[in-house]
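Have a look at upload-v2.pdb; it's PDB, C-alpha atoms:
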```pdb
ATOM      1  CA  MET W   1     112.439 147.494  86.448
ATOM      2  CA  THR W   2     108.751 147.981  87.161
ATOM      3  CA  LYS W   3     108.278 150.181  90.230
ATOM      4  CA  LEU W   4     105.266 149.303  92.374
ATOM      5  CA  THR W   5     106.024 151.951  95.019
ATOM      6  CA  ASP W   6     108.889 154.312  95.833
ATOM      7  CA  HIS W   7     111.154 151.589  97.238
ATOM      8  CA  PHE W   8     109.850 148.294  95.819
ATOM      9  CA  THR W   9     109.737 146.804  92.336
ATOM     10  CA  LEU W  10     107.756 143.999  90.759
ATOM     11  CA  GLU W  11     111.020 142.141  90.217
ATOM     12  CA  GLU W  12     111.806 142.247  93.962
ATOM     13  CA  VAL W  13     108.448 140.866  95.030
ATOM     14  CA  THR W  14     108.470 138.077  92.437
ATOM     15  CA  LYS W  15     112.118 136.989  92.565
ATOM     16  CA  SER W  16     112.805 133.376  93.391
ATOM     17  CA  ALA W  17     116.005 131.352  93.167
ATOM     18  CA  THR W  18     113.869 128.208  93.014
ATOM     19  CA  ALA W  19     111.878 129.546  90.055
ATOM     20  CA  ASP W  20     115.118 130.504  88.297
ATOM     21  CA  ARG W  21     116.674 127.094  88.966
ATOM     22  CA  LEU W  22     113.585 125.199  87.762
ATOM     23  CA  GLY W  23     112.786 127.504  84.837
ATOM     24  CA  ILE W  24     109.414 128.521  86.286
ATOM     25  CA  LYS W  25     107.958 131.787  85.020
ATOM     26  CA  ASN W  26     106.782 133.467  88.215
ATOM     27  CA  ILE W  27     104.673 136.225  86.660
ATOM     28  CA  PRO W  28     101.589 137.630  88.425
ATOM     29  CA  ASN W  29      98.417 138.539  86.538
ATOM     30  CA  ALA W  30      96.799 141.995  86.869
ATOM     31  CA  ASP W  31      94.796 141.126  90.017
ATOM     32  CA  GLU W  32      97.841 139.582  91.696
ATOM     33  CA  THR W  33      99.942 142.622  90.745
ATOM     34  CA  ASN W  34      97.318 144.933  92.255
ATOM     35  CA  SER W  35      97.464 142.885  95.466
ATOM     36  CA  LEU W  36     101.268 143.207  95.474
ATOM     37  CA  ILE W  37     100.965 146.983  95.093
ATOM     38  CA  LEU W  38      98.634 147.077  98.114
ATOM     39  CA  VAL W  39     101.083 144.995 100.192
ATOM     40  CA  CYS W  40     103.957 147.259  99.147
ATOM     41  CA  MET W  41     102.019 150.434  99.973
ATOM     42  CA  ALA W  42     100.454 149.309 103.250
ATOM     43  CA  ILE W  43     103.127 146.968 104.669
ATOM     44  CA  LEU W  44     106.543 147.275 103.031
ATOM     45  CA  GLU W  45     106.696 151.056 102.652
ATOM     46  CA  PRO W  46     105.655 151.744 106.282
ATOM     47  CA  VAL W  47     108.292 149.228 107.485
ATOM     48  CA  ARG W  48     110.922 150.941 105.324
ATOM     49  CA  LYS W  49     109.866 154.364 106.670
ATOM     50  CA  LYS W  50     109.929 153.167 110.304
ATOM     51  CA  TYR W  51     113.359 151.530 110.228
ATOM     52  CA  LYS W  52     114.995 153.597 107.450
ATOM     53  CA  ILE W  53     116.855 150.469 106.284
ATOM     54  CA  PRO W  54     116.664 149.146 102.719
ATOM     55  CA  PHE W  55     115.427 145.550 102.465
ATOM     56  CA  SER W  56     113.824 143.229  99.939
ATOM     57  CA  PRO W  57     111.255 140.542 100.703
ATOM     58  CA  ASN W  58     112.670 137.029 101.100
ATOM     59  CA  SER W  59     109.578 135.778  99.313
ATOM     60  CA  GLY W  60     106.605 137.504  97.739
ATOM     61  CA  PHE W  61     104.385 136.364  94.904
ATOM     62  CA  ARG W  62     104.515 132.668  93.986
ATOM     63  CA  CYS W  63     102.682 131.241  91.005
ATOM     64  CA  GLN W  64     100.998 127.909  91.750
ATOM     65  CA  GLU W  65     103.772 125.957  90.008
ATOM     66  CA  LEU W  66     106.453 127.601  92.144
ATOM     67  CA  ASN W  67     104.336 127.321  95.279
ATOM     68  CA  LYS W  68     103.981 123.573  94.692
ATOM     69  CA  ALA W  69     107.698 123.207  93.944
ATOM     70  CA  ILE W  70     108.632 124.638  97.341
ATOM     71  CA  GLY W  71     106.052 122.485  99.140
ATOM     72  CA  SER W  72     103.682 125.236 100.261
ATOM     73  CA  LYS W  73      99.913 124.880 100.552
ATOM     74  CA  PRO W  74      97.906 125.642  97.376
ATOM     75  CA  THR W  75      95.857 128.142  99.413
ATOM     76  CA  SER W  76      98.924 130.225 100.370
ATOM     77  CA  GLN W  77      98.271 133.942 100.177
ATOM     78  CA  HIS W  78     101.602 134.227  98.342
ATOM     79  CA  THR W  79      99.814 132.783  95.275
ATOM     80  CA  LYS W  80      97.385 135.706  95.302
ATOM     81  CA  GLY W  81     100.043 138.396  95.705
ATOM     82  CA  GLN W  82      98.746 139.061  99.220
ATOM     83  CA  ALA W  83     101.762 137.948 101.275
ATOM     84  CA  VAL W  84     105.459 138.588 101.760
ATOM     85  CA  ASP W  85     108.117 137.095 103.998
ATOM     86  CA  ILE W  86     110.461 139.775 105.293
ATOM     87  CA  GLU W  87     113.430 140.550 107.498
ATOM     88  CA  VAL W  88     115.011 143.950 108.079
ATOM     89  CA  PRO W  89     118.798 143.841 108.581
ATOM     90  CA  GLY W  90     119.729 144.658 112.181
ATOM     91  CA  VAL W  91     116.126 144.447 113.451
ATOM     92  CA  SER W  92     114.959 141.535 115.586
ATOM     93  CA  ASN W  93     112.294 139.568 113.739
ATOM     94  CA  TYR W  94     110.226 139.519 116.919
ATOM     95  CA  ASP W  95     110.434 143.311 117.194
ATOM     96  CA  LEU W  96     109.533 143.669 113.504
ATOM     97  CA  ALA W  97     106.493 141.397 113.868
ATOM     98  CA  ALA W  98     105.405 143.175 117.059
ATOM     99  CA  TRP W  99     105.665 146.630 115.448
ATOM    100  CA  ILE W 100     103.667 145.530 112.401
ATOM    101  CA  SER W 101     101.000 143.842 114.542
ATOM    102  CA  GLU W 102     100.623 146.916 116.780
ATOM    103  CA  THR W 103     100.765 149.544 114.032
ATOM    104  CA  LEU W 104      99.567 148.344 110.625
ATOM    105  CA  MET W 105      96.480 146.766 109.113
ATOM    106  CA  TYR W 106      97.151 143.172 108.056
ATOM    107  CA  ASP W 107      95.304 139.951 107.465
ATOM    108  CA  GLN W 108      97.781 137.594 109.061
ATOM    109  CA  ILE W 109     101.220 137.922 110.581
ATOM    110  CA  ILE W 110     103.278 134.875 111.440
ATOM    111  CA  LEU W 111     106.578 134.952 113.298
ATOM    112  CA  GLU W 112     108.184 131.915 111.697
ATOM    113  CA  HIS W 113     111.049 129.841 113.138
ATOM    114  CA  TYR W 114     112.081 132.554 115.606
ATOM    115  CA  ARG W 115     114.273 131.390 118.503
ATOM    116  CA  LEU W 116     114.588 133.377 121.738
ATOM    117  CA  GLY W 117     118.062 134.842 122.096
ATOM    118  CA  GLU W 118     118.630 134.752 118.320
ATOM    119  CA  PRO W 119     117.096 138.036 117.091
ATOM    120  CA  ASN W 120     117.780 137.334 113.414
ATOM    121  CA  SER W 121     116.395 133.812 113.452
ATOM    122  CA  GLY W 122     113.399 133.036 111.287
ATOM    123  CA  TRP W 123     111.395 135.611 109.366
ATOM    124  CA  VAL W 124     108.104 137.492 109.420
ATOM    125  CA  HIS W 125     105.262 136.427 107.113
ATOM    126  CA  VAL W 126     102.691 139.174 106.672
ATOM    127  CA  SER W 127      99.647 139.280 104.430
ATOM    128  CA  LEU W 128      97.036 141.832 103.505
ATOM    129  CA  LYS W 129      93.782 141.559 101.592
ATOM    130  CA  GLN W 130      91.741 144.302  99.967
ATOM    131  CA  TYR W 131      88.886 143.695 102.459
ATOM    132  CA  ASP W 132      88.011 141.686 105.574
ATOM    133  CA  ASN W 133      91.467 141.548 107.139
ATOM    134  CA  ARG W 134      91.496 139.350 110.244
ATOM    135  CA  GLN W 135      94.384 140.950 112.201
ATOM    136  CA  ASN W 136      95.416 137.372 113.052
ATOM    137  CA  SER W 137      98.848 136.947 114.671
ATOM    138  CA  LEU W 138     100.586 133.607 115.066
ATOM    139  CA  THR W 139     103.947 132.078 115.873
ATOM    140  CA  TYR W 140     105.150 129.030 113.940
ATOM    141  CA  ASN W 141     107.858 127.036 115.681
ATOM    142  CA  GLY W 142     108.389 124.450 112.949
ATOM    143  CA  GLY W 143     105.923 121.977 114.394
ATOM    144  CA  ARG W 144     102.765 123.900 115.104
ATOM    145  CA  TYR W 145     101.092 127.288 115.028
ATOM    146  CA  LEU W 146     100.568 129.114 118.317
ATOM    147  CA  ALA W 147      98.157 132.035 118.753
ATOM    148  CA  GLY W 148      99.886 135.388 119.179
ATOM    149  CA  LEU W 149     103.517 136.408 118.840
ATOM    150  CA  MET W 150     105.716 134.327 121.142
ATOM    151  CA  ARG W 151     109.315 135.058 122.062
TER     152      ARG W 151
END
```
Do you think you could lay out the structure here as structure tokens?
Amino acid sequence: MTKLTDHFTLEEVTKSATADRLGIKNIPNADETNSLILVCMAILEPVRKKYKIPFSPNSGFRCQELNKAIGSKPTSQHTKGQAVDIEVPGVSNYDLAAWISETLMYDQIILEHYRLGEPNSGWVHVSLKQYDNRQNSLTYNGGRYLAGLMR
């Protein structure tokens, strides 16, 4: 296991059942690994410290082959090691997204597929770049992107 930070490993932020099933080697290069370390330090570790609950990203780094296989855009920040999709057990995904957006530096946060009254529905996509972070928050309801975090 290659530790990136106290609570997160390279294996956690690159794991993918789809990659395993399709035999895709989902291995980041040095720049992508450095971006993953930044995301772990500035996003994942503060979330872990705040909620004191162990969690692993649902999705982290995706090589272009894997990204294409799951139908994501070629420009996805996941392909640069700059994005993770997360949930924290027992924490509403809306509350998680709101805390991150109010507390941490990020490039983009997207509350994806969240449904009011279903606190564990969907997930939180959050990205971070080395420089020029936009602090852009969105909600994706499956059909379109809406500005801001919507319940």
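Proximity ranking of W:Glu118, W:Asp6, W:Glu112, W:Glu11 relative to W:Phe61 places W:Glu11 first, based on all atoms listed in the file.
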Given the file shown, enumerate the residues that the PyMOL selection byres ((chain W and resi 103) around 12) captures and present them as a PyMOL selection string.
-> chain W and resi 42-43+46-47+50+95-102+104-106+135
Please produce a file of those selected residues containing C-alpha atoms, as a CSV table (one decimal), keeping the file's coordinate frame.
```csv
chain,number,residue,atom,x,y,z
W,42,ALA,CA,100.5,149.3,103.2
W,43,ILE,CA,103.1,147.0,104.7
W,46,PRO,CA,105.7,151.7,106.3
W,47,VAL,CA,108.3,149.2,107.5
W,50,LYS,CA,109.9,153.2,110.3
W,95,ASP,CA,110.4,143.3,117.2
W,96,LEU,CA,109.5,143.7,113.5
W,97,ALA,CA,106.5,141.4,113.9
W,98,ALA,CA,105.4,143.2,117.1
W,99,TRP,CA,105.7,146.6,115.4
W,100,ILE,CA,103.7,145.5,112.4
W,101,SER,CA,101.0,143.8,114.5
W,102,GLU,CA,100.6,146.9,116.8
W,104,LEU,CA,99.6,148.3,110.6
W,105,MET,CA,96.5,146.8,109.1
W,106,TYR,CA,97.2,143.2,108.1
W,135,GLN,CA,94.4,141.0,112.2
```
Atom CA of W:Leu111 to atom CA of W:Glu32: how many Å, to one decimal?
->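 That distance, rounded to one decimal, is 23.8 Å.
Separating atom CA of W:Cys40 from atom CA of W:Ser56 is a distance of 10.7 Å.
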For W:Thr139, list every protein, DNA or RNA residue within 9 Å, evaluated using only C-alpha atoms, and leave out those in the same chain fewer than 3 positions away; present the list as a list of chain:residue names.
-> W:Ile109, W:Ile110, W:Leu111, W:Glu112, W:His113, W:Tyr114, W:Arg144, W:Tyr145, W:Leu146, W:Ala147, W:Gly148, W:Leu149, W:Met150, W:Arg151
Length of the atom CA of W:His125 to atom CA of W:Val84 vector [Å] =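 Taking atom CA of W:His125 as the start and atom CA of W:Val84 as the end point, the length is 5.8 Å.
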Compile the contact shell of W:Thr9 as a list in words: residues with an atom at most 10 Å away, counting all atoms listed in the file, same-chain residues fewer than 6 positions apart removed.
->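 Surrounding residues, per the criterion: Met1, Thr2, Lys3, Leu36, Ile37, Cys40 and Ser56 of chain W.
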Run the PyMOL selection byres ((chain W and resi 34) around 12) against the file shown and list the residues it catches, as a PyMOL selection string.
-> chain W and resi 4-5+10+28-33+35-41+61+80-82+128-130
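With only C-alpha atoms taken into account, the protein and nucleic acid residues at most 10 Å from W:Asn120 (excluding it and anything under 4 positions from it in its own chain) are Glu87, Val88, Pro89, Gly90, Val91, Ser92, Asn93, Tyr94, Tyr114, Arg115 and Leu116 of chain W.
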Using all atoms of stretch 109-128 of chain W that appear in the file, construct an axis-aligned enclosing box with 4 Å of padding on every side and provide its centre coordinates and edge lengths in Å, rounded to one decimal, as JSON.
```
{"center_x": 107.8, "center_y": 135.8, "center_z": 112.8, "size_x": 29.6, "size_y": 20.0, "size_z": 26.6}
```
Residues within 10 Å of stretch 19-22 of chain W, all atoms listed in the file, excluding chain neighbours under 2 positions, as a list in words =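 Near stretch 19-22 of chain W, the qualifying residues are Thr14, Lys15, Ser16, Ala17, Ile24, Lys25, Asn26, Arg62, Cys63, Glu65, Leu66, Asn67, Ala69 and Ile70 of chain W.
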Given the selection you just returned, output its residues as a file containing C-alpha atoms, formatted as an mmCIF file, in the coordinates of the input.
```
data_model
loop_
_atom_site.group_PDB
_atom_site.id
_atom_site.type_symbol
_atom_site.label_atom_id
_atom_site.label_comp_id
_atom_site.auth_asym_id
_atom_site.auth_seq_id
_atom_site.Cartn_x
_atom_site.Cartn_y
_atom_site.Cartn_z
ATOM 1 C CA THR W 14 108.470 138.077 92.437
ATOM 2 C CA LYS W 15 112.118 136.989 92.565
ATOM 3 C CA SER W 16 112.805 133.376 93.391
ATOM 4 C CA ALA W 17 116.005 131.352 93.167
ATOM 5 C CA ILE W 24 109.414 128.521 86.286
ATOM 6 C CA LYS W 25 107.958 131.787 85.020
ATOM 7 C CA ASN W 26 106.782 133.467 88.215
ATOM 8 C CA ARG W 62 104.515 132.668 93.986
ATOM 9 C CA CYS W 63 102.682 131.241 91.005
ATOM 10 C CA GLU W 65 103.772 125.957 90.008
ATOM 11 C CA LEU W 66 106.453 127.601 92.144
ATOM 12 C CA ASN W 67 104.336 127.321 95.279
ATOM 13 C CA ALA W 69 107.698 123.207 93.944
ATOM 14 C CA ILE W 70 108.632 124.638 97.341
#
```
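Nearest residue to W:Ser137 among W:Gln77, W:Ser121, W:Gln64, W:Gln108 is W:Gln108, counting all atoms listed in the file.
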Could you add whatever atoms are missing so that stretch 92-103 of chain W carries N, CA and C atoms, then write the result as a PDB file, in the frame of the given file?
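Wrote result18.pdb, looks like this:
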```pdb
ATOM      1  N   SER W  92     115.451 142.831 115.110  1.00  0.00           N
ATOM      2  CA  SER W  92     114.959 141.535 115.586  1.00  0.00           C
ATOM      3  C   SER W  92     113.653 141.198 114.874  1.00  0.00           C
ATOM      4  N   ASN W  93     113.528 139.969 114.419  1.00  0.00           N
ATOM      5  CA  ASN W  93     112.294 139.568 113.739  1.00  0.00           C
ATOM      6  C   ASN W  93     111.100 139.614 114.688  1.00  0.00           C
ATOM      7  N   TYR W  94     111.328 139.363 115.968  1.00  0.00           N
ATOM      8  CA  TYR W  94     110.226 139.519 116.919  1.00  0.00           C
ATOM      9  C   TYR W  94     109.795 140.986 116.994  1.00  0.00           C
ATOM     10  N   ASP W  95     110.760 141.887 117.108  1.00  0.00           N
ATOM     11  CA  ASP W  95     110.434 143.311 117.194  1.00  0.00           C
ATOM     12  C   ASP W  95     109.724 143.788 115.927  1.00  0.00           C
ATOM     13  N   LEU W  96     110.170 143.318 114.774  1.00  0.00           N
ATOM     14  CA  LEU W  96     109.533 143.669 113.504  1.00  0.00           C
ATOM     15  C   LEU W  96     108.084 143.199 113.493  1.00  0.00           C
ATOM     16  N   ALA W  97     107.858 141.942 113.845  1.00  0.00           N
ATOM     17  CA  ALA W  97     106.493 141.397 113.868  1.00  0.00           C
ATOM     18  C   ALA W  97     105.625 142.153 114.867  1.00  0.00           C
ATOM     19  N   ALA W  98     106.176 142.463 116.033  1.00  0.00           N
ATOM     20  CA  ALA W  98     105.405 143.175 117.059  1.00  0.00           C
ATOM     21  C   ALA W  98     105.027 144.574 116.567  1.00  0.00           C
ATOM     22  N   TRP W  99     105.971 145.286 115.932  1.00  0.00           N
ATOM     23  CA  TRP W  99     105.665 146.630 115.448  1.00  0.00           C
ATOM     24  C   TRP W  99     104.561 146.580 114.385  1.00  0.00           C
ATOM     25  N   ILE W 100     104.692 145.655 113.443  1.00  0.00           N
ATOM     26  CA  ILE W 100     103.667 145.530 112.401  1.00  0.00           C
ATOM     27  C   ILE W 100     102.315 145.222 113.031  1.00  0.00           C
ATOM     28  N   SER W 101     102.287 144.257 113.961  1.00  0.00           N
ATOM     29  CA  SER W 101     101.000 143.842 114.542  1.00  0.00           C
ATOM     30  C   SER W 101     100.352 144.946 115.362  1.00  0.00           C
ATOM     31  N   GLU W 102     101.160 145.833 115.949  1.00  0.00           N
ATOM     32  CA  GLU W 102     100.623 146.916 116.780  1.00  0.00           C
ATOM     33  C   GLU W 102     100.297 148.176 115.979  1.00  0.00           C
ATOM     34  N   THR W 103     100.822 148.278 114.757  1.00  0.00           N
ATOM     35  CA  THR W 103     100.765 149.544 114.032  1.00  0.00           C
ATOM     36  C   THR W 103      99.989 149.494 112.725  1.00  0.00           C
TER      37      THR W 103
END
```
